[in-house]
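As stored in start27.cif (mmCIF, C-alpha atoms and all ligand atoms):
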data_my_file
loop_
_atom_site.group_PDB
_atom_site.id
_atom_site.type_symbol
_atom_site.label_atom_id
_atom_site.label_comp_id
_atom_site.auth_asym_id
_atom_site.auth_seq_id
_atom_site.Cartn_x
_atom_site.Cartn_y
_atom_site.Cartn_z
ATOM 1 C CA MET M 1 -34.060 -45.057 -37.536
ATOM 2 C CA ILE M 2 -32.917 -48.404 -38.900
ATOM 3 C CA GLU M 3 -34.738 -50.209 -41.696
ATOM 4 C CA ILE M 4 -34.045 -53.847 -42.472
ATOM 5 C CA ASN M 5 -35.509 -54.782 -45.837
ATOM 6 C CA HIS M 6 -35.641 -58.456 -46.789
ATOM 7 C CA VAL M 7 -32.188 -59.250 -45.457
ATOM 8 C CA THR M 8 -30.733 -62.750 -45.791
ATOM 9 C CA LYS M 9 -27.340 -64.003 -44.626
ATOM 10 C CA ARG M 10 -25.881 -67.477 -45.120
ATOM 11 C CA TYR M 11 -22.699 -69.021 -43.766
ATOM 12 C CA GLY M 12 -21.605 -71.468 -46.472
ATOM 13 C CA LYS M 13 -24.277 -73.286 -48.447
ATOM 14 C CA GLU M 14 -26.018 -75.044 -45.584
ATOM 15 C CA LYS M 15 -26.480 -72.445 -42.849
ATOM 16 C CA THR M 16 -28.999 -69.632 -43.227
ATOM 17 C CA ALA M 17 -28.310 -67.443 -40.201
ATOM 18 C CA VAL M 18 -30.859 -64.738 -41.125
ATOM 19 C CA ALA M 19 -33.755 -65.393 -43.519
ATOM 20 C CA ASP M 20 -35.588 -62.593 -45.348
ATOM 21 C CA ALA M 21 -35.761 -60.364 -42.273
ATOM 22 C CA VAL M 22 -38.008 -57.293 -42.440
ATOM 23 C CA TRP M 23 -38.194 -54.987 -39.419
ATOM 24 C CA ASN M 24 -37.226 -51.547 -38.212
ATOM 25 C CA VAL M 25 -35.983 -49.547 -35.265
ATOM 26 C CA PRO M 26 -37.985 -46.313 -34.884
ATOM 27 C CA ASP M 27 -36.643 -43.021 -33.523
ATOM 28 C CA GLY M 28 -37.422 -42.097 -29.944
ATOM 29 C CA LYS M 29 -37.756 -45.714 -28.810
ATOM 30 C CA ILE M 30 -35.740 -48.513 -27.225
ATOM 31 C CA THR M 31 -35.985 -51.678 -29.304
ATOM 32 C CA GLY M 32 -34.964 -55.011 -27.799
ATOM 33 C CA PHE M 33 -33.736 -57.708 -30.171
ATOM 34 C CA ILE M 34 -34.467 -60.985 -28.450
ATOM 35 C CA GLY M 35 -33.739 -64.583 -29.319
ATOM 36 C CA PRO M 36 -32.149 -67.738 -27.924
ATOM 37 C CA ASN M 37 -28.495 -68.702 -28.460
ATOM 38 C CA GLY M 38 -27.654 -69.022 -32.130
ATOM 39 C CA ALA M 39 -30.868 -67.344 -33.315
ATOM 40 C CA GLY M 40 -29.052 -64.811 -35.512
ATOM 41 C CA LYS M 41 -28.839 -61.710 -33.310
ATOM 42 C CA THR M 42 -25.099 -61.064 -33.597
ATOM 43 C CA THR M 43 -25.112 -61.834 -37.326
ATOM 44 C CA THR M 44 -27.883 -59.255 -37.781
ATOM 45 C CA LEU M 45 -26.126 -56.611 -35.694
ATOM 46 C CA LYS M 46 -22.900 -57.209 -37.629
ATOM 47 C CA MET M 47 -24.790 -56.603 -40.884
ATOM 48 C CA ILE M 48 -26.420 -53.451 -39.528
ATOM 49 C CA THR M 49 -23.023 -52.098 -38.489
ATOM 50 C CA GLY M 50 -21.312 -53.030 -41.758
ATOM 51 C CA VAL M 51 -19.043 -55.746 -40.344
ATOM 52 C CA LEU M 52 -20.809 -58.389 -42.460
ATOM 53 C CA LYS M 53 -22.487 -57.909 -45.837
ATOM 54 C CA PRO M 54 -25.982 -59.308 -46.418
ATOM 55 C CA ASP M 55 -26.304 -61.858 -49.234
ATOM 56 C CA SER M 56 -29.473 -60.059 -50.279
ATOM 57 C CA GLY M 57 -31.676 -57.224 -49.091
ATOM 58 C CA ALA M 58 -30.712 -53.792 -47.782
ATOM 59 C CA ILE M 59 -30.140 -52.067 -44.447
ATOM 60 C CA LEU M 60 -30.700 -48.330 -44.138
ATOM 61 C CA ILE M 61 -29.550 -46.223 -41.215
ATOM 62 C CA ASN M 62 -31.248 -42.833 -41.251
ATOM 63 C CA ASN M 63 -32.012 -43.568 -44.904
ATOM 64 C CA ILE M 64 -28.349 -44.288 -45.727
ATOM 65 C CA ASP M 65 -27.473 -47.729 -47.135
ATOM 66 C CA ILE M 66 -24.728 -49.348 -45.013
ATOM 67 C CA VAL M 67 -23.353 -51.300 -47.996
ATOM 68 C CA LYS M 68 -23.508 -48.518 -50.589
ATOM 69 C CA SER M 69 -22.362 -45.632 -48.333
ATOM 70 C CA PRO M 70 -20.541 -47.286 -45.410
ATOM 71 C CA LEU M 71 -18.683 -44.210 -44.129
ATOM 72 C CA LYS M 72 -21.734 -41.963 -44.124
ATOM 73 C CA ALA M 73 -23.869 -44.687 -42.572
ATOM 74 C CA LYS M 74 -21.270 -45.362 -39.863
ATOM 75 C CA GLU M 75 -21.322 -41.705 -38.802
ATOM 76 C CA GLN M 76 -24.940 -42.235 -37.804
ATOM 77 C CA PHE M 77 -24.430 -44.849 -35.090
ATOM 78 C CA GLY M 78 -22.392 -45.879 -32.087
ATOM 79 C CA TYR M 79 -21.841 -49.619 -31.619
ATOM 80 C CA VAL M 80 -20.996 -51.564 -28.476
ATOM 81 C CA SER M 81 -19.982 -55.113 -29.409
ATOM 82 C CA ASP M 82 -20.421 -58.156 -27.168
ATOM 83 C CA THR M 83 -16.656 -58.421 -26.661
ATOM 84 C CA PRO M 84 -15.129 -55.358 -25.006
ATOM 85 C CA ASP M 85 -11.563 -56.705 -25.269
ATOM 86 C CA ASN M 86 -10.381 -54.198 -27.849
ATOM 87 C CA PHE M 87 -7.580 -51.624 -27.969
ATOM 88 C CA LEU M 88 -6.079 -53.206 -24.866
ATOM 89 C CA ARG M 89 -2.720 -51.461 -25.235
ATOM 90 C CA LEU M 90 -4.290 -47.999 -25.179
ATOM 91 C CA LYS M 91 -4.993 -46.122 -21.985
ATOM 92 C CA GLY M 92 -8.694 -45.432 -21.405
ATOM 93 C CA ILE M 93 -8.248 -41.731 -22.137
ATOM 94 C CA GLU M 94 -6.237 -42.477 -25.302
ATOM 95 C CA TYR M 95 -9.017 -44.720 -26.579
ATOM 96 C CA LEU M 96 -11.666 -42.057 -25.937
ATOM 97 C CA ASN M 97 -9.601 -39.375 -27.684
ATOM 98 C CA PHE M 98 -8.989 -41.777 -30.572
ATOM 99 C CA MET M 99 -12.742 -42.300 -30.989
ATOM 100 C CA ALA M 100 -13.391 -38.555 -30.645
ATOM 101 C CA ASP M 101 -10.727 -37.849 -33.311
ATOM 102 C CA ILE M 102 -12.355 -40.299 -35.744
ATOM 103 C CA TYR M 103 -15.637 -38.434 -35.453
ATOM 104 C CA ASN M 104 -14.089 -34.940 -35.250
ATOM 105 C CA VAL M 105 -15.566 -34.172 -31.835
ATOM 106 C CA PRO M 106 -14.354 -30.698 -30.704
ATOM 107 C CA SER M 107 -12.144 -30.730 -27.606
ATOM 108 C CA ASP M 108 -14.536 -28.857 -25.307
ATOM 109 C CA LYS M 109 -17.378 -31.260 -26.187
ATOM 110 C CA ARG M 110 -15.246 -34.388 -25.747
ATOM 111 C CA ASN M 111 -13.810 -33.212 -22.416
ATOM 112 C CA GLU M 112 -17.265 -32.399 -21.117
ATOM 113 C CA PHE M 113 -18.486 -35.850 -22.211
ATOM 114 C CA ILE M 114 -15.496 -37.730 -20.757
ATOM 115 C CA ASP M 115 -15.807 -35.907 -17.453
ATOM 116 C CA ALA M 116 -19.555 -36.531 -17.090
ATOM 117 C CA TYR M 117 -19.676 -40.153 -18.260
ATOM 118 C CA SER M 118 -16.530 -41.359 -16.481
ATOM 119 C CA LYS M 119 -18.035 -40.010 -13.250
ATOM 120 C CA ARG M 120 -21.378 -41.694 -13.959
ATOM 121 C CA PHE M 121 -19.575 -44.979 -14.482
ATOM 122 C CA GLY M 122 -17.128 -44.419 -11.613
ATOM 123 C CA ILE M 123 -14.014 -44.892 -13.748
ATOM 124 C CA GLU M 124 -12.596 -41.359 -13.695
ATOM 125 C CA GLN M 125 -9.573 -42.517 -11.661
ATOM 126 C CA SER M 126 -8.738 -45.276 -14.184
ATOM 127 C CA LEU M 127 -8.682 -43.276 -17.422
ATOM 128 C CA GLY M 128 -4.879 -42.990 -17.235
ATOM 129 C CA ASP M 129 -4.460 -46.803 -17.025
ATOM 130 C CA LYS M 130 -4.184 -49.207 -19.946
ATOM 131 C CA ILE M 131 -7.423 -50.951 -20.919
ATOM 132 C CA LEU M 132 -5.453 -54.213 -20.526
ATOM 133 C CA SER M 133 -5.505 -53.662 -16.758
ATOM 134 C CA TYR M 134 -9.291 -53.065 -16.680
ATOM 135 C CA SER M 135 -11.837 -55.613 -15.437
ATOM 136 C CA HIS M 136 -14.459 -56.896 -17.912
ATOM 137 C CA GLY M 137 -17.023 -54.406 -16.592
ATOM 138 C CA MET M 138 -14.589 -51.479 -16.835
ATOM 139 C CA ARG M 139 -13.742 -52.453 -20.438
ATOM 140 C CA GLN M 140 -17.457 -52.551 -21.167
ATOM 141 C CA LYS M 141 -17.869 -49.056 -19.696
ATOM 142 C CA ILE M 142 -15.031 -47.545 -21.734
ATOM 143 C CA MET M 143 -16.411 -49.134 -24.928
ATOM 144 C CA ILE M 144 -19.859 -47.680 -24.161
ATOM 145 C CA MET M 145 -18.266 -44.249 -23.719
ATOM 146 C CA GLY M 146 -16.347 -44.662 -26.987
ATOM 147 C CA ALA M 147 -19.571 -45.481 -28.802
ATOM 148 C CA LEU M 148 -21.381 -42.422 -27.445
ATOM 149 C CA ILE M 149 -18.677 -39.768 -27.598
ATOM 150 C CA HIS M 150 -19.887 -38.381 -30.953
ATOM 151 C CA SER M 151 -23.554 -38.241 -29.837
ATOM 152 C CA PRO M 152 -24.749 -40.699 -32.499
ATOM 153 C CA SER M 153 -28.417 -40.633 -33.399
ATOM 154 C CA VAL M 154 -28.560 -44.448 -33.415
ATOM 155 C CA TRP M 155 -27.079 -46.495 -30.565
ATOM 156 C CA ILE M 156 -26.574 -50.232 -31.095
ATOM 157 C CA LEU M 157 -25.509 -52.602 -28.320
ATOM 158 C CA ASP M 158 -24.901 -56.369 -28.402
ATOM 159 C CA GLU M 159 -25.711 -58.018 -25.036
ATOM 160 C CA PRO M 160 -24.717 -54.836 -23.174
ATOM 161 C CA MET M 161 -25.567 -55.816 -19.572
ATOM 162 C CA THR M 162 -23.176 -58.766 -19.461
ATOM 163 C CA GLY M 163 -20.513 -58.265 -16.802
ATOM 164 C CA LEU M 164 -21.840 -54.968 -15.463
ATOM 165 C CA ASP M 165 -22.432 -54.558 -11.735
ATOM 166 C CA PRO M 166 -25.912 -53.403 -10.607
ATOM 167 C CA GLN M 167 -24.905 -49.731 -10.371
ATOM 168 C CA ALA M 168 -23.347 -49.701 -13.859
ATOM 169 C CA SER M 169 -26.258 -51.675 -15.260
ATOM 170 C CA TYR M 170 -28.644 -49.089 -13.787
ATOM 171 C CA GLU M 171 -26.600 -46.212 -15.264
ATOM 172 C CA LEU M 172 -26.533 -47.873 -18.677
ATOM 173 C CA LYS M 173 -30.305 -48.381 -18.655
ATOM 174 C CA GLN M 174 -30.758 -44.728 -17.675
ATOM 175 C CA MET M 175 -28.475 -43.677 -20.539
ATOM 176 C CA MET M 176 -30.500 -45.763 -22.977
ATOM 177 C CA LYS M 177 -33.727 -44.175 -21.729
ATOM 178 C CA GLU M 178 -32.226 -40.667 -22.032
ATOM 179 C CA HIS M 179 -31.042 -41.458 -25.552
ATOM 180 C CA ALA M 180 -34.513 -42.555 -26.643
ATOM 181 C CA ALA M 181 -36.206 -39.680 -24.796
ATOM 182 C CA SER M 182 -34.146 -37.201 -26.821
ATOM 183 C CA GLY M 183 -35.726 -38.576 -30.002
ATOM 184 C CA LYS M 184 -32.837 -40.889 -30.953
ATOM 185 C CA SER M 185 -33.025 -44.649 -31.357
ATOM 186 C CA VAL M 186 -31.598 -47.513 -29.306
ATOM 187 C CA LEU M 187 -31.291 -51.106 -30.462
ATOM 188 C CA PHE M 188 -29.891 -53.756 -28.155
ATOM 189 C CA SER M 189 -29.793 -57.516 -28.226
ATOM 190 C CA THR M 190 -30.442 -59.661 -25.201
ATOM 191 C CA HIS M 191 -31.681 -63.027 -24.078
ATOM 192 C CA VAL M 192 -32.520 -61.687 -20.646
ATOM 193 C CA LEU M 193 -36.283 -61.275 -20.768
ATOM 194 C CA GLU M 194 -36.560 -59.270 -17.562
ATOM 195 C CA VAL M 195 -34.289 -56.582 -18.994
ATOM 196 C CA ALA M 196 -36.361 -56.420 -22.163
ATOM 197 C CA GLU M 197 -39.596 -56.277 -20.190
ATOM 198 C CA LYS M 198 -38.467 -53.344 -18.046
ATOM 199 C CA LEU M 199 -36.628 -51.359 -20.686
ATOM 200 C CA CYS M 200 -38.041 -51.816 -24.173
ATOM 201 C CA ASP M 201 -40.721 -49.879 -25.975
ATOM 202 C CA ASN M 202 -40.625 -52.429 -28.792
ATOM 203 C CA VAL M 203 -39.296 -55.966 -29.120
ATOM 204 C CA VAL M 204 -38.237 -57.970 -32.141
ATOM 205 C CA ILE M 205 -38.088 -61.724 -31.588
ATOM 206 C CA ILE M 206 -35.896 -63.917 -33.776
ATOM 207 C CA ARG M 207 -35.682 -67.688 -33.894
ATOM 208 C CA LYS M 208 -33.488 -69.729 -36.224
ATOM 209 C CA GLY M 209 -32.923 -66.653 -38.366
ATOM 210 C CA GLU M 210 -36.638 -65.910 -38.765
ATOM 211 C CA ILE M 211 -38.391 -62.879 -37.305
ATOM 212 C CA LYS M 212 -41.259 -64.233 -35.202
ATOM 213 C CA PHE M 213 -42.655 -61.001 -33.778
ATOM 214 C CA MET M 214 -42.221 -57.229 -33.941
ATOM 215 C CA GLY M 215 -44.195 -54.846 -31.745
ATOM 216 C CA THR M 216 -44.749 -53.862 -28.123
ATOM 217 C CA LEU M 217 -44.763 -56.403 -25.323
ATOM 218 C CA ASP M 218 -48.419 -55.561 -24.677
ATOM 219 C CA GLU M 219 -49.245 -56.415 -28.286
ATOM 220 C CA LEU M 220 -47.339 -59.679 -27.882
ATOM 221 C CA LYS M 221 -49.186 -60.571 -24.663
ATOM 222 C CA LEU M 222 -52.546 -59.890 -26.346
ATOM 223 C CA GLN M 223 -51.867 -62.779 -28.735
ATOM 224 C CA TYR M 224 -51.722 -65.286 -25.855
ATOM 225 C CA PRO M 225 -53.995 -66.347 -22.973
ATOM 226 C CA LYS M 226 -54.199 -63.743 -20.186
ATOM 227 C CA ASP M 227 -52.579 -65.952 -17.539
ATOM 228 C CA MET M 228 -49.584 -66.815 -19.719
ATOM 229 C CA GLY M 229 -46.412 -65.111 -18.449
ATOM 230 C CA LEU M 230 -43.886 -63.507 -20.738
ATOM 231 C CA GLU M 231 -41.399 -66.309 -20.137
ATOM 232 C CA MET M 232 -43.854 -68.964 -21.342
ATOM 233 C CA ILE M 233 -44.801 -66.839 -24.354
ATOM 234 C CA PHE M 234 -41.129 -66.474 -25.223
ATOM 235 C CA LEU M 235 -40.509 -70.224 -24.909
ATOM 236 C CA GLU M 236 -43.549 -70.942 -27.046
ATOM 237 C CA LEU M 237 -42.304 -68.539 -29.731
ATOM 238 C CA THR M 238 -38.710 -69.690 -29.691
ATOM 239 C CA GLY M 239 -39.071 -73.434 -29.069
ATOM 240 C CA ASP M 240 -37.096 -74.842 -26.139
ATOM 241 C CA GLY M 241 -34.855 -71.803 -26.090
ATOM 242 C CA LYS M 242 -31.928 -73.467 -27.861
ATOM 243 C CA ASP M 243 -31.257 -73.457 -31.573
ATOM 244 C CA ASN M 244 -27.941 -75.273 -31.621
HETATM 245 N N1 LIG V 301 -18.716 -67.312 -38.768
HETATM 246 C C1 LIG V 301 -19.683 -68.237 -38.785
HETATM 247 N N2 LIG V 301 -19.578 -69.325 -39.573
HETATM 248 C C2 LIG V 301 -20.561 -70.263 -39.624
HETATM 249 N N3 LIG V 301 -21.706 -70.208 -38.902
HETATM 250 C C3 LIG V 301 -21.840 -69.144 -38.083
HETATM 251 C C4 LIG V 301 -20.855 -68.112 -37.980
HETATM 252 N N4 LIG V 301 -21.297 -67.186 -37.094
HETATM 253 C C5 LIG V 301 -22.496 -67.614 -36.667
HETATM 254 N N5 LIG V 301 -22.819 -68.786 -37.246
HETATM 255 C C6 LIG V 301 -24.061 -69.554 -37.056
HETATM 256 O O1 LIG V 301 -25.143 -68.703 -37.424
HETATM 257 C C7 LIG V 301 -26.222 -68.832 -36.479
HETATM 258 C C8 LIG V 301 -26.520 -67.489 -35.850
HETATM 259 O O2 LIG V 301 -25.438 -67.116 -34.998
HETATM 260 P P1 LIG V 301 -25.392 -65.741 -34.196
HETATM 261 O O3 LIG V 301 -24.045 -65.632 -33.557
HETATM 262 O O4 LIG V 301 -25.821 -64.666 -35.097
HETATM 263 O O5 LIG V 301 -26.519 -65.997 -33.087
HETATM 264 P P2 LIG V 301 -26.888 -65.180 -31.757
HETATM 265 O O6 LIG V 301 -28.369 -65.045 -31.760
HETATM 266 O O7 LIG V 301 -26.085 -63.937 -31.668
HETATM 267 O O8 LIG V 301 -26.455 -66.184 -30.608
HETATM 268 P P3 LIG V 301 -25.911 -65.915 -29.092
HETATM 269 O O9 LIG V 301 -27.079 -65.406 -28.313
HETATM 270 O O10 LIG V 301 -25.495 -67.281 -28.657
HETATM 271 O O11 LIG V 301 -24.761 -64.956 -29.191
HETATM 272 C C9 LIG V 301 -25.787 -69.916 -35.481
HETATM 273 O O12 LIG V 301 -26.309 -71.145 -35.896
HETATM 274 C C10 LIG V 301 -24.284 -69.895 -35.583
HETATM 275 O O13 LIG V 301 -23.756 -71.194 -35.307
#
Give the structure from this file in structure tokens form.
Ligand SMILES: Nc1ncnc2c1ncn2[C@@H]1O[C@H](COP(=O)(O)OP(=O)(O)OP(=O)(O)O)[C@@H](O)[C@H]1O
Amino acid sequence: MIEINHVTKRYGKEKTAVADAVWNVPDGKITGFIGPNGAGKTTTLKMITGVLKPDSGAILINNIDIVKSPLKAKEQFGYVSDTPDNFLRLKGIEYLNFMADIYNVPSDKRNEFIDAYSKRFGIEQSLGDKILSYSHGMRQKIMIMGALIHSPSVWILDEPMTGLDPQASYELKQMMKEHAASGKSVLFSTHVLEVAEKLCDNVVIIRKGEIKFMGTLDELKLQYPKDMGLEMIFLELTGDGKDN
């Protein structure tokens, strides 16, 4: 469960990237965080994960304040950023063991996880290679595994489908569904509406730093004429789709 209580973030004096945001991510559901380029999605996710500090307001992860108790709060979630080009000099297996060490995952549990998930993603033969030699999609897969190795109750992903082939994209969506079905929460950002439509229980729509809607897609559709497609509703809510 994530609670975002009246959170504001400015860059300099002029730019308000997120304005008095109030929303939440319930347990047992997949929540899609949707908005056009520059709407404030990454800024919000960076605040939730403790990379950036809000100027005002509070963010609670399983009731733990990310600013006041960062270490405890960070134990609660796994985060997949939108740039998987990290730890390039480590081998895949070294990176996974590094992540497992951070979270004190026992060796039998981590080995079981690595075996199962590397097979699901089809990268079991590449774990002994440096991440530097991986393709974008393979880097994305190893980062996803690193985020999940400690079985976090909250799973946060920034634009996770980018660069994944159809098989990997399918596997990732299945993993997200399994995560939510086990009573845990998933939050992911996207500007791909079709993905949100197929995958999300709830959506949160942001435009120019302001939360425009929070609820199910059916609730959103009810607010518009019956023949209006989701794409048109989204464009209506977010302007012409561009904020910059
Ligand atoms: N470090 C920064 N310094 C100044 N302005 C920034 C900085 N990072 C983001 N911004 C601005 O804050 C606003 C929100 O940016 P953010 O990256 O959060 O949007 P986004 O919804 O993730 O966009 P995209 O979908 O393109 O990744 C934009 O206007 C952006 O230009």
Item to check | Residues matched by the PyMOL selection byres (((not hetatm)) within 8 of (chain V and resi 301)) as a VMD selection string | outcome: chain M and resid 10 to 12 15 to 18 35 to 44 190 to 191 206 208 to 209 243 to 244
Contacts of stretch 106-192 of chain M with stretch 85-89 of chain M up to 10 Å, shortest pair per row, all atoms listed in the file, as CSV:
residue,atom,partner,partner_atom,distance
M:Asp129,CA,M:Arg89,CA,9.6
M:Lys130,CA,M:Arg89,CA,5.9
M:Ile131,CA,M:Leu88,CA,4.7
M:Leu132,CA,M:Leu88,CA,4.5
M:Ser133,CA,M:Leu88,CA,8.1
M:Tyr134,CA,M:Leu88,CA,8.8
M:Ser135,CA,M:Asp85,CA,9.9
M:His136,CA,M:Asp85,CA,7.9
M:Arg139,CA,M:Asp85,CA,6.8
M:Gln140,CA,M:Asp85,CA,8.3
M:Met143,CA,M:Asn86,CA,8.4
Test item: residues at most 8 Å from stretch 105-119 of chain M, all atoms listed in the file, excluding those fewer than 3 positions along its chain, as a PDB file with C-alpha atoms, in the frame of the given file:
ATOM      1  CA  LEU M  96     -11.666 -42.057 -25.937  1.00  0.00           C
ATOM      2  CA  ASN M  97      -9.601 -39.375 -27.684  1.00  0.00           C
ATOM      3  CA  ALA M 100     -13.391 -38.555 -30.645  1.00  0.00           C
ATOM      4  CA  ASP M 101     -10.727 -37.849 -33.311  1.00  0.00           C
ATOM      5  CA  ILE M 102     -12.355 -40.299 -35.744  1.00  0.00           C
ATOM      6  CA  GLY M 122     -17.128 -44.419 -11.613  1.00  0.00           C
ATOM      7  CA  ILE M 123     -14.014 -44.892 -13.748  1.00  0.00           C
ATOM      8  CA  GLU M 124     -12.596 -41.359 -13.695  1.00  0.00           C
ATOM      9  CA  MET M 145     -18.266 -44.249 -23.719  1.00  0.00           C
ATOM     10  CA  ILE M 149     -18.677 -39.768 -27.598  1.00  0.00           C
ATOM     11  CA  HIS M 150     -19.887 -38.381 -30.953  1.00  0.00           C
TER      12      HIS M 150
END
Checklist entry - For M:Asn202, which of M:Ile144, M:Leu217, M:Leu90, M:Leu230 is the closest residue, counting all atoms listed in the file? => result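 Checking each candidate against M:Asn202, we get M:Leu217 as the closest.
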Next on the checklist: I'd like the interatomic distance between atom CA of M:Arg207 and atom CA of M:Val22, to a tenth of an Å.
Outcome noted: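 Rounded to one decimal, the two atoms are 13.7 Å apart.
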Next on the checklist: Assuming the chain letters and numbering stay as they are in my file, what does the PyMOL selection byres (((chain M and resi 181-187) around 9) and not hetatm) actually select? List them as an MDAnalysis selection string.
Outcome noted: chainID M and resid 1:2 25:33 152:158 176:180 188:189
Next on the checklist: From the options M:Ala147, M:Ile59, M:Met232, M:Cys200, which residue's atoms come nearest to M:Tyr103, counting all atoms listed in the file?
Outcome noted: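 Using all atoms listed in the file, M:Tyr103 sits closest to M:Ala147.
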Next on the checklist: Starting from the PyMOL selection byres (((chain M and resi 161) around 12) and not hetatm), expand the selection into actual residues of this file and give them as a PyMOL selection string.
Outcome noted: chain M and resi 80-84+136-137+140-141+144+157-160+162-173+176+188-192+194-196+199
Checklist outcome for this item: Here atom CA of M:Leu220 and atom CA of M:Ile61 stand apart by 26.0 Å
Would you mind listing what lies within 12 Å of M:Lys53 as a PDB file with C-alpha atoms, keeping the file's coordinate frame, with only C-alpha atoms counted and same-chain residues fewer than 2 positions away left out?
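Result written to around_15.pdb:
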ATOM      1  CA  VAL M   7     -32.188 -59.250 -45.457  1.00  0.00           C
ATOM      2  CA  THR M   8     -30.733 -62.750 -45.791  1.00  0.00           C
ATOM      3  CA  LYS M   9     -27.340 -64.003 -44.626  1.00  0.00           C
ATOM      4  CA  ARG M  10     -25.881 -67.477 -45.120  1.00  0.00           C
ATOM      5  CA  TYR M  11     -22.699 -69.021 -43.766  1.00  0.00           C
ATOM      6  CA  VAL M  18     -30.859 -64.738 -41.125  1.00  0.00           C
ATOM      7  CA  THR M  43     -25.112 -61.834 -37.326  1.00  0.00           C
ATOM      8  CA  THR M  44     -27.883 -59.255 -37.781  1.00  0.00           C
ATOM      9  CA  LEU M  45     -26.126 -56.611 -35.694  1.00  0.00           C
ATOM     10  CA  LYS M  46     -22.900 -57.209 -37.629  1.00  0.00           C
ATOM     11  CA  MET M  47     -24.790 -56.603 -40.884  1.00  0.00           C
ATOM     12  CA  ILE M  48     -26.420 -53.451 -39.528  1.00  0.00           C
ATOM     13  CA  THR M  49     -23.023 -52.098 -38.489  1.00  0.00           C
ATOM     14  CA  GLY M  50     -21.312 -53.030 -41.758  1.00  0.00           C
ATOM     15  CA  VAL M  51     -19.043 -55.746 -40.344  1.00  0.00           C
ATOM     16  CA  ASP M  55     -26.304 -61.858 -49.234  1.00  0.00           C
ATOM     17  CA  SER M  56     -29.473 -60.059 -50.279  1.00  0.00           C
ATOM     18  CA  GLY M  57     -31.676 -57.224 -49.091  1.00  0.00           C
ATOM     19  CA  ALA M  58     -30.712 -53.792 -47.782  1.00  0.00           C
ATOM     20  CA  ILE M  59     -30.140 -52.067 -44.447  1.00  0.00           C
ATOM     21  CA  ASP M  65     -27.473 -47.729 -47.135  1.00  0.00           C
ATOM     22  CA  ILE M  66     -24.728 -49.348 -45.013  1.00  0.00           C
ATOM     23  CA  VAL M  67     -23.353 -51.300 -47.996  1.00  0.00           C
ATOM     24  CA  LYS M  68     -23.508 -48.518 -50.589  1.00  0.00           C
ATOM     25  CA  PRO M  70     -20.541 -47.286 -45.410  1.00  0.00           C
TER      26      PRO M  70
END
Next on the checklist: One number please: atom CA of M:Glu14 to atom CA of M:Leu60, in Å, one decimal.
Outcome noted: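 For atom CA of M:Glu14 relative to atom CA of M:Leu60, the distance reads 27.2 Å.
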What box, with edges along x, y and z, holds each listed atom of stretch 210-229 of chain M when 5 Å is added on every side, and can you state its centre and edge lengths in Å to one decimal, as JSON?
{"center_x": -45.4, "center_y": -60.3, "center_z": -28.2, "size_x": 27.6, "size_y": 23.0, "size_z": 31.2}
Checklist entry - Closest to M:Ile211 among M:Ile142, M:Thr238, M:Gly78, M:Gln174, using all atoms listed in the file? => result M:Thr238
Item to check | Which of M:Phe213, M:Phe121, M:Phe77, M:Tyr95 sits closest to M:Ser151 [using all atoms listed in the file] | outcome: M:Phe77
Item to check | Spatial neighbours of M:Gln223, max dist 12 Å, only C-alpha atoms, sep filter under 4 positions, as a VMD selection string | outcome: chain M and resid 213 215 to 219 227 to 230 233 to 234 236 to 237
Could those residues be written to a file, using C-alpha atoms, as an mmCIF file, keeping the file's coordinate frame?
data_model
loop_
_atom_site.group_PDB
_atom_site.id
_atom_site.type_symbol
_atom_site.label_atom_id
_atom_site.label_comp_id
_atom_site.auth_asym_id
_atom_site.auth_seq_id
_atom_site.Cartn_x
_atom_site.Cartn_y
_atom_site.Cartn_z
ATOM 1 C CA PHE M 213 -42.655 -61.001 -33.778
ATOM 2 C CA GLY M 215 -44.195 -54.846 -31.745
ATOM 3 C CA THR M 216 -44.749 -53.862 -28.123
ATOM 4 C CA LEU M 217 -44.763 -56.403 -25.323
ATOM 5 C CA ASP M 218 -48.419 -55.561 -24.677
ATOM 6 C CA GLU M 219 -49.245 -56.415 -28.286
ATOM 7 C CA ASP M 227 -52.579 -65.952 -17.539
ATOM 8 C CA MET M 228 -49.584 -66.815 -19.719
ATOM 9 C CA GLY M 229 -46.412 -65.111 -18.449
ATOM 10 C CA LEU M 230 -43.886 -63.507 -20.738
ATOM 11 C CA ILE M 233 -44.801 -66.839 -24.354
ATOM 12 C CA PHE M 234 -41.129 -66.474 -25.223
ATOM 13 C CA GLU M 236 -43.549 -70.942 -27.046
ATOM 14 C CA LEU M 237 -42.304 -68.539 -29.731
#
Next on the checklist: Here is a test: counting only C-alpha atoms, which residue of M:Asn104, M:Met99, M:Ile93, M:Ile64 is nearest to M:Leu127?
Outcome noted: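 Result for the nearest residue to M:Leu127: M:Ile93.
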